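S.K.: Below is the structure I would like to discuss, written out as structure tokens.
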Amino acid sequence: MGVQPSPLRVLLIGNGGREHAIAWKLSQSPLVESIIAVPGNGGTATCSKTTNNTSVSAEDFPALLDLARKNNINFVVPGPEAPLVAGAVDFFEDAGIRCFGPSKAAAHMEGSKTFSKDFMKKHKIPTAAYENFSDYEKARQYLDSVQHDVVIKASGLAAGKGVIIPSTKDEAHSALKDIMQNKEFGSAGDEVVIEEFLTGDELSILTFSDGYTIKSLPPAQDHKRIGEGDTGLNTGGMGCYAPTNIATPELVAQIDRDIIQPSIDGMRKDEMPFKGVLFTGLMITSSGPKVLEYNVRFGDPETQTVLPLLSDDTDLAKIMLACSKGHLDSVSINIKNEFSTTVVVSAGGYPESYAKGDGITIQTPPPAVNIFHAGTKLADGKLQTAGGRVIAASATASESLRAAVDKAYEGVKHIQFKDMYYRKDIAHRAFKPTADTKEALTYAQAGVSIDAGNKLVERIRAAVRSTRRPGADAEIGGFGGEVDLAKAGFFASGAGAASAPIMVGAIDGVGTKLMIAQATGNHATVGIDLVAMNVNDLVVQGAEPLMFLDYFGCSRLDGEVAAQFVESVAAGCREARCALVGGETAEMPGMYKEDDYDAAGAAIGAMLPQNRLPRLDAMRPGDVLLGLASSGVHSNGFSLVRRILARENLPYSAPAPWISPSPSSSSSSSTSAVPTVGESLLTPTKIYVRSVLAALAHLKGLAHITGGGLTENVPRMLPAHLAAEIDVATWALPLVFRWLKTAGNVEAAEMARTFNTGVGMVAVVAPEDVETAVKILRGEGETVYTIGKLVERAQGGEGCVLKGLETW
């Protein structure tokens with residue numbers, strides 16, 4: 001049994017909503033005898049066990065020490081970052097008074113963003129790419145050189161407002177000038193951090209630590225912007241909720257394991273052990289959580305949100321003492337199974353100029369609602385506004401987050417003062433459709449059934465087989481059909497017949513990608529798609545395309561549209577080095593809707609018998625699978641693409657949300673350099689003919705990844721006893737597919753069965769030929785990934801086994 005600590009007489013430094021919440025929770029502790037808040041606010045003035053003292057400045061450490069000694073203070077809690085960065089903990093502990101908080105050295109993690117970024121790099125803690133600058137001209141040149149969106153941060157303390165997220169290059173240059181030359185944040189802007197703008201969901205985690213042990217509170221999500229929908233200027237925070245729905249137990253464990261514990265361990269190894277509460281701002285990106293910033297104290301308004309979630313038997317004073325004494329592992333921290341929301345009410349005009357001294361009226365709030373004061377003061381016994389963020393209503397609820405939000409807004413109704421302002425959408429991100437609430441779309445729901453297509457092939461197989469003749473076995477299910485000219489009687493028997501070329505044919509269309517071309521009036525690329533879909537199916541059999549024929553069907557012939565289409569077919573033929581030898585244009589009134597049209601094509605090629613693929617007998621377990629990068633969505637899966645776009649109300653004319661703006665020094669809008677949705681989706685299918693033919697001698701098999709994705713297409717080139725084992729984490733899922741997966745809530749396995757997911761062609765290569773094949777393919781301009789290998793296939797087993805789908 002531990003020694004009972006002496007009654008705590010606390011000096012609480014600060015006057016914000018955070019300090020009111022700390023005083024509120026500390027006052028509930030049986031260990032706490034009294035609290036003096038310097039200077040405090042209108043809320044701490046009426047808090048149990050708490051008195052305000054405005055006779056000394058919160059920045060005057062010697063005067064604070066005199067006050068502490070006169071009042072027998074034995075525990076100091078600095079609330080804001082400024083006294084911590086200035087060394088308050090070192091000062092009071094040198095004077096013999098214990099403190100809760102980090103040393104001056106450890107507080108430098110918040111005092112200098114350049115220091116903290118360098119710390120993260122040193123200790124391999126995930127964060128955004130960045131550069132530090134103390135020279136304005138070098139920073140300006142760097143801004144012009146980068147190809148990604150940026151965040152500009154004043155390195156020093158700027159009251160939580162020194163982070164600028166520009167939407168254009170002009171805004172970035174303006175912000176840089178304001179910070180470094182115009183000194184908008186004073187000396188805090190003598191040095192800046194320019195870092196990569198990360199996309200994803202933000203969350204904040206408050207973690208108690210004694211320098212070794214960590215104990216985190218529920219993840220929270222702040223709302224920094226003044227306007228609803230996260231618009232307008234940055235503020236200190238207009239609201240908050242916890243726990244966040246994105247923070248699964250697995251994600252929280254990952255953050256503790258990969259970020260927070262290494263941060264605490266790194267600070268200790270760097271001889272600045274962290275004691276206190278570490279605020280870690282995170283962005284949950286597609287590649288995992290990354291640190292945005294460290295703060296070395298309780299966040300505001302996160303504190304007002306998460307402290308009410310501590311159970312009634314969890315003693316904040318006991319936790320703080322354990323952190324300062326180094327035995328946090330001996331203390332239990334229990335969290336209520338509830339939700340919490342805070343809505344901040346600000347003065348009109350904040351975060352720009354605003355009035356002070358207006359009277360405030362507060363009625364008794366409903367149960368489970370706390371009113372936490374920030375910019376308030378008592379003047380002659382009357383409550384008045386005294387800051388920008390004036391006051392907040394915080395509420396908890398056991399039923400749901402929605403119930404907590406509703407209670408908080410009910411609490412706001414009990415607050416009245418002139419020109420008061422608050423956001424009406426706190427926690428709005430939590431109520432957006434998620435993977436749990438949004439319908440998961442599939443290719444079948446979009447009207448295309450891979451299974452139905454496979455069943456049709458089986459049904460007509462016998463009918464097709466009945467047409468066979470010498471030289472043509474009339475078997476379907478491959479990528480194209482063959483006619484052996486020697487066996488068909490076109491070559492006299494003898495030595496020459498054995499090496500006679502084999503004719504290969506393929507036929508295909510473009511599918512509903514045509515609907516995007518028709519909707520946008522852009523017909524200059526879909527002809528390339530038509531050629532690509534056919535010639536890629538030829539080359540996987542080892543054939544060289546020789547000629548191409550097209551078909552264009554419509555109800556009303558528009559000569560300009562038809563000409564653009566045929567010109568794009570010709571462009572595809574030139575790329576594939578085959579001749580466009582003929583075609584058919586069919587005008588059929590009433591067959592199609594208005595100006596719609598359909599198109600199909602057939603490619604004819606030839607191969608020598610020794611080049612025929614796949615070489616099934618040569619394939620062995622351990623053979624390597626190479627993936628050739630696609631150029632985009634290619635020509636399959638567009639029924640699902642269009643379904644997702646429709647549900648997201650995203651027109652083809654909108655900037656493509658999966659593409660970041662290119663840097664530009666012009667004054668045009670940030671979206672001017674971004675292709676539209678239609679333009680991006682009409683990127684033509686990649687033609688692999690030249691590169692594959694160059695490497696043909698080193699290949700055992702090829703699969704063109706079209707409708708059915710990797711799952712359905714790769715097995716088409718394999719013998720029955722072998723399967724492809726593919727690790728999808730070996731290449732980055734392209735941004736367009738990441739967006740489609742998220743927006744459509746499409747399961748990873750469904751993505752792999754619908755789209756090419758970034759790999760348009762898969763090759764089987766013997767291990768000893770990999771280096772040569774890769775060199776040839778890359779020499780022809782291909783991006784090549786080593787994506788897996790062949791393995792023995794169990795009887796009845798899958799022909800394509802995908803690993804790493806969770807990384808998507």
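Labels used: A, B, ... for chains in the order of the structure tokens, numbers from 1 for residues in each chain, and numbers from 1 for ligands as shown.
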In stretch 221-334 of chain A, what's alpha helix (DSSP H) per DSSP? Answer as a ChimeraX atom specification?
M.R.: /A:249-255,261-269,302-306,316-325
S.K.: Can I get the selection written as a tab-separated table (two decimals), in the first residue's frame, with N, CA, C and O atoms?
M.R.:
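The new file again.tsv reads:
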```tsv
chain	number	residue	atom	x	y	z
A	249	PRO	N	-9.92	0.38	-32.50
A	249	PRO	CA	-8.93	-0.11	-31.52
A	249	PRO	C	-7.60	-0.48	-32.17
A	249	PRO	O	-6.53	-0.26	-31.59
A	250	GLU	N	-7.67	-1.03	-33.40
A	250	GLU	CA	-6.44	-1.41	-34.09
A	250	GLU	C	-5.61	-0.18	-34.46
A	250	GLU	O	-4.39	-0.17	-34.33
A	251	LEU	N	-6.30	0.89	-34.90
A	251	LEU	CA	-5.58	2.11	-35.26
A	251	LEU	C	-4.98	2.77	-34.02
A	251	LEU	O	-3.83	3.23	-34.05
A	252	VAL	N	-5.72	2.81	-32.94
A	252	VAL	CA	-5.20	3.40	-31.70
A	252	VAL	C	-3.97	2.64	-31.23
A	252	VAL	O	-2.96	3.24	-30.83
A	253	ALA	N	-4.03	1.31	-31.31
A	253	ALA	CA	-2.87	0.49	-30.91
A	253	ALA	C	-1.68	0.77	-31.81
A	253	ALA	O	-0.53	0.85	-31.35
A	254	GLN	N	-1.94	0.94	-33.11
A	254	GLN	CA	-0.87	1.25	-34.05
A	254	GLN	C	-0.23	2.61	-33.74
A	254	GLN	O	0.99	2.76	-33.77
A	255	ILE	N	-1.06	3.60	-33.42
A	255	ILE	CA	-0.55	4.93	-33.09
A	255	ILE	C	0.30	4.88	-31.82
A	255	ILE	O	1.39	5.46	-31.77
A	261	GLN	N	4.73	5.90	-28.37
A	261	GLN	CA	5.79	5.30	-27.55
A	261	GLN	C	7.17	5.61	-28.11
A	261	GLN	O	8.08	5.98	-27.35
A	262	PRO	N	7.39	5.52	-29.46
A	262	PRO	CA	8.70	5.92	-29.98
A	262	PRO	C	9.02	7.39	-29.73
A	262	PRO	O	10.19	7.75	-29.58
A	263	SER	N	8.00	8.24	-29.67
A	263	SER	CA	8.24	9.66	-29.38
A	263	SER	C	8.73	9.83	-27.95
A	263	SER	O	9.72	10.54	-27.69
A	264	ILE	N	8.06	9.19	-27.01
A	264	ILE	CA	8.47	9.28	-25.60
A	264	ILE	C	9.85	8.66	-25.41
A	264	ILE	O	10.72	9.22	-24.72
A	265	ASP	N	10.08	7.50	-26.04
A	265	ASP	CA	11.39	6.84	-25.92
A	265	ASP	C	12.48	7.70	-26.54
A	265	ASP	O	13.59	7.81	-26.01
A	266	GLY	N	12.16	8.33	-27.70
A	266	GLY	CA	13.15	9.17	-28.37
A	266	GLY	C	13.54	10.37	-27.54
A	266	GLY	O	14.73	10.74	-27.48
A	267	MET	N	12.55	11.01	-26.90
A	267	MET	CA	12.87	12.17	-26.06
A	267	MET	C	13.74	11.76	-24.87
A	267	MET	O	14.67	12.48	-24.49
A	268	ARG	N	13.46	10.60	-24.30
A	268	ARG	CA	14.28	10.14	-23.18
A	268	ARG	C	15.71	9.86	-23.64
A	268	ARG	O	16.68	10.23	-22.97
A	269	LYS	N	15.84	9.21	-24.79
A	269	LYS	CA	17.18	8.90	-25.32
A	269	LYS	C	17.94	10.17	-25.68
A	269	LYS	O	19.18	10.19	-25.65
A	302	GLU	N	-9.86	20.21	-26.93
A	302	GLU	CA	-9.85	18.76	-26.67
A	302	GLU	C	-9.99	18.44	-25.18
A	302	GLU	O	-10.66	17.46	-24.80
A	303	THR	N	-9.38	19.27	-24.33
A	303	THR	CA	-9.43	19.01	-22.89
A	303	THR	C	-10.87	19.05	-22.37
A	303	THR	O	-11.29	18.20	-21.58
A	304	GLN	N	-11.62	20.06	-22.80
A	304	GLN	CA	-13.01	20.18	-22.38
A	304	GLN	C	-13.86	19.01	-22.87
A	304	GLN	O	-14.93	18.74	-22.34
A	305	THR	N	-13.36	18.31	-23.90
A	305	THR	CA	-14.10	17.19	-24.48
A	305	THR	C	-13.75	15.87	-23.84
A	305	THR	O	-14.64	15.05	-23.55
A	306	VAL	N	-12.46	15.63	-23.60
A	306	VAL	CA	-12.06	14.29	-23.13
A	306	VAL	C	-12.05	14.15	-21.61
A	306	VAL	O	-12.29	13.05	-21.10
A	316	LEU	N	-7.70	12.81	-11.57
A	316	LEU	CA	-6.75	13.55	-12.39
A	316	LEU	C	-5.53	13.98	-11.57
A	316	LEU	O	-4.40	13.94	-12.08
A	317	ALA	N	-5.74	14.38	-10.34
A	317	ALA	CA	-4.61	14.80	-9.50
A	317	ALA	C	-3.65	13.65	-9.28
A	317	ALA	O	-2.42	13.82	-9.31
A	318	LYS	N	-4.19	12.47	-9.05
A	318	LYS	CA	-3.35	11.29	-8.83
A	318	LYS	C	-2.54	10.96	-10.08
A	318	LYS	O	-1.37	10.57	-10.01
A	319	ILE	N	-3.18	11.14	-11.28
A	319	ILE	CA	-2.48	10.90	-12.54
A	319	ILE	C	-1.34	11.89	-12.70
A	319	ILE	O	-0.21	11.52	-13.06
A	320	MET	N	-1.62	13.17	-12.43
A	320	MET	CA	-0.59	14.19	-12.59
A	320	MET	C	0.58	13.95	-11.65
A	320	MET	O	1.75	14.09	-12.06
A	321	LEU	N	0.30	13.59	-10.43
A	321	LEU	CA	1.37	13.28	-9.47
A	321	LEU	C	2.21	12.10	-9.95
A	321	LEU	O	3.44	12.13	-9.88
A	322	ALA	N	1.54	11.06	-10.47
A	322	ALA	CA	2.26	9.87	-10.93
A	322	ALA	C	3.17	10.21	-12.11
A	322	ALA	O	4.28	9.69	-12.21
A	323	CYS	N	2.70	11.10	-13.01
A	323	CYS	CA	3.54	11.52	-14.12
A	323	CYS	C	4.79	12.25	-13.61
A	323	CYS	O	5.91	12.01	-14.08
A	324	SER	N	4.60	13.14	-12.66
A	324	SER	CA	5.72	13.93	-12.17
A	324	SER	C	6.70	13.10	-11.35
A	324	SER	O	7.89	13.39	-11.32
A	325	LYS	N	6.20	12.05	-10.69
A	325	LYS	CA	7.06	11.23	-9.82
A	325	LYS	C	7.65	10.01	-10.54
A	325	LYS	O	8.52	9.34	-9.99
```
S.K.: Would you list the contacts of A:Gly779 as a VMD selection string, taking every protein, DNA or RNA residue within 12 Å and counting only C-alpha atoms, but skipping same-chain residues closer than 6 positions in sequence?
M.R.: chain A and resid 690 to 692 694 to 695 772 to 773
S.K.: Counting only C-alpha atoms, what is within 6 Å of stretch 406-423 of chain A, bar same-chain residues fewer than 5 positions away, as a PyMOL selection string?
M.R.: chain A and resi 228+345-348+360-363+365+393-395
S.K.: Would you save the residues from that selection as a PDB file, in the first residue's frame, using N, CA and C atoms?
M.R.:
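Once everything was written out, this is out26.pdb:
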```pdb
ATOM      1  N   GLU A 228     -18.568  26.977 -41.128  1.00  0.00           N
ATOM      2  CA  GLU A 228     -19.132  25.635 -41.273  1.00  0.00           C
ATOM      3  C   GLU A 228     -18.628  24.989 -42.552  1.00  0.00           C
ATOM      4  N   VAL A 345     -18.313  28.858 -28.362  1.00  0.00           N
ATOM      5  CA  VAL A 345     -19.044  30.067 -28.728  1.00  0.00           C
ATOM      6  C   VAL A 345     -18.049  31.228 -28.693  1.00  0.00           C
ATOM      7  N   SER A 346     -17.951  31.940 -29.807  1.00  0.00           N
ATOM      8  CA  SER A 346     -16.966  33.017 -29.907  1.00  0.00           C
ATOM      9  C   SER A 346     -17.639  34.378 -30.007  1.00  0.00           C
ATOM     10  N   ALA A 347     -16.800  35.396 -29.848  1.00  0.00           N
ATOM     11  CA  ALA A 347     -17.270  36.773 -30.033  1.00  0.00           C
ATOM     12  C   ALA A 347     -17.443  37.039 -31.525  1.00  0.00           C
ATOM     13  N   GLY A 348     -18.427  37.840 -31.892  1.00  0.00           N
ATOM     14  CA  GLY A 348     -18.632  38.204 -33.283  1.00  0.00           C
ATOM     15  C   GLY A 348     -17.388  38.862 -33.849  1.00  0.00           C
ATOM     16  N   ILE A 360     -22.643  38.707 -20.259  1.00  0.00           N
ATOM     17  CA  ILE A 360     -22.988  37.321 -20.586  1.00  0.00           C
ATOM     18  C   ILE A 360     -24.030  36.827 -19.580  1.00  0.00           C
ATOM     19  N   THR A 361     -25.054  36.177 -20.098  1.00  0.00           N
ATOM     20  CA  THR A 361     -26.062  35.550 -19.248  1.00  0.00           C
ATOM     21  C   THR A 361     -26.010  34.044 -19.479  1.00  0.00           C
ATOM     22  N   ILE A 362     -25.942  33.281 -18.378  1.00  0.00           N
ATOM     23  CA  ILE A 362     -25.908  31.820 -18.483  1.00  0.00           C
ATOM     24  C   ILE A 362     -27.005  31.246 -17.591  1.00  0.00           C
ATOM     25  N   GLN A 363     -27.868  30.472 -18.225  1.00  0.00           N
ATOM     26  CA  GLN A 363     -28.887  29.754 -17.457  1.00  0.00           C
ATOM     27  C   GLN A 363     -28.339  28.385 -17.046  1.00  0.00           C
ATOM     28  N   PRO A 365     -27.529  24.811 -17.124  1.00  0.00           N
ATOM     29  CA  PRO A 365     -27.572  23.893 -18.278  1.00  0.00           C
ATOM     30  C   PRO A 365     -28.271  22.585 -17.928  1.00  0.00           C
ATOM     31  N   ALA A 393     -19.991  24.909 -24.561  1.00  0.00           N
ATOM     32  CA  ALA A 393     -20.884  23.914 -23.957  1.00  0.00           C
ATOM     33  C   ALA A 393     -20.356  22.533 -24.304  1.00  0.00           C
ATOM     34  N   SER A 394     -20.092  21.728 -23.287  1.00  0.00           N
ATOM     35  CA  SER A 394     -19.622  20.358 -23.483  1.00  0.00           C
ATOM     36  C   SER A 394     -20.648  19.397 -22.912  1.00  0.00           C
ATOM     37  N   ALA A 395     -20.899  18.326 -23.646  1.00  0.00           N
ATOM     38  CA  ALA A 395     -21.923  17.371 -23.210  1.00  0.00           C
ATOM     39  C   ALA A 395     -21.457  15.953 -23.447  1.00  0.00           C
TER      40      ALA A 395
END
```
S.K.: Can you check which residues of stretch 45-102 of chain A DSSP gives as strand (DSSP E) on the backbone and send them as JSON, numbers by chain?
M.R.: {"A": [50, 51, 52, 75, 76, 77, 78, 98, 99]}
S.K.: Restricting it to C-alpha atoms, dump the selection as a compact mmCIF listing (two decimals), in the first residue's frame.
M.R.:
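Listed below is the output, result.txt:
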```txt
# COMPACT_ATOMS: atom_id res chain seq x y z
CA THR A 50 -10.79 27.37 -6.72
CA THR A 51 -10.00 31.07 -6.41
CA ASN A 52 -8.63 33.43 -9.01
CA PHE A 75 1.97 21.51 -6.91
CA VAL A 76 2.08 23.70 -10.04
CA VAL A 77 0.13 23.03 -13.24
CA PRO A 78 1.05 25.33 -16.14
CA ARG A 98 6.70 19.77 -7.85
CA CYS A 99 5.10 20.45 -11.26
```
S.K.: Skipping near chain neighbours, those fewer than 5 positions away, what residues fall within 8 Å of stretch 40-48 of chain A using only C-alpha atoms, listed as a PDB file with C-alpha atoms, in the first residue's frame?
M.R.:
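Once written, result.pdb looks like this:
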```pdb
ATOM      1  CA  ILE A  13      -1.448  28.924 -14.556  1.00  0.00           C
ATOM      2  CA  GLY A  14      -3.724  30.080 -17.380  1.00  0.00           C
ATOM      3  CA  ASN A  15      -7.112  31.549 -18.167  1.00  0.00           C
ATOM      4  CA  GLY A  16      -8.603  29.518 -21.023  1.00  0.00           C
ATOM      5  CA  GLU A  19      -7.728  25.652 -17.486  1.00  0.00           C
ATOM      6  CA  HIS A  20     -11.397  25.780 -16.437  1.00  0.00           C
ATOM      7  CA  ALA A  23      -9.784  23.034 -12.419  1.00  0.00           C
ATOM      8  CA  TRP A  24     -13.217  21.376 -12.731  1.00  0.00           C
ATOM      9  CA  SER A  27     -11.530  19.970  -7.787  1.00  0.00           C
ATOM     10  CA  ASN A  53      -5.630  35.658  -8.427  1.00  0.00           C
ATOM     11  CA  THR A  54      -4.900  38.520 -10.783  1.00  0.00           C
ATOM     12  CA  PHE A 372     -16.547  25.798 -19.689  1.00  0.00           C
ATOM     13  CA  HIS A 373     -15.401  29.414 -19.723  1.00  0.00           C
ATOM     14  CA  ALA A 374     -12.491  30.716 -21.785  1.00  0.00           C
ATOM     15  CA  GLY A 375     -12.517  34.428 -22.711  1.00  0.00           C
ATOM     16  CA  THR A 376     -14.653  35.559 -19.755  1.00  0.00           C
ATOM     17  CA  LYS A 377     -14.068  37.582 -16.614  1.00  0.00           C
ATOM     18  CA  LEU A 378     -15.953  38.842 -13.617  1.00  0.00           C
ATOM     19  CA  LEU A 383     -19.771  38.119 -16.177  1.00  0.00           C
TER      20      LEU A 383
END
```
S.K.: Report, in Å with one decimal, the straight-line distance from atom CA of A:Ile179 to atom CA of A:Pro83.
M.R.: 23.0 Å
S.K.: Out of A:Thr231, A:Ser134, A:Ser353, A:Asn245, which residue has the shortest atom-to-atom distance to A:Glu191 when counting only C-alpha atoms?
M.R.: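 Ranked by minimum distance to A:Glu191, first place goes to A:Ser134.
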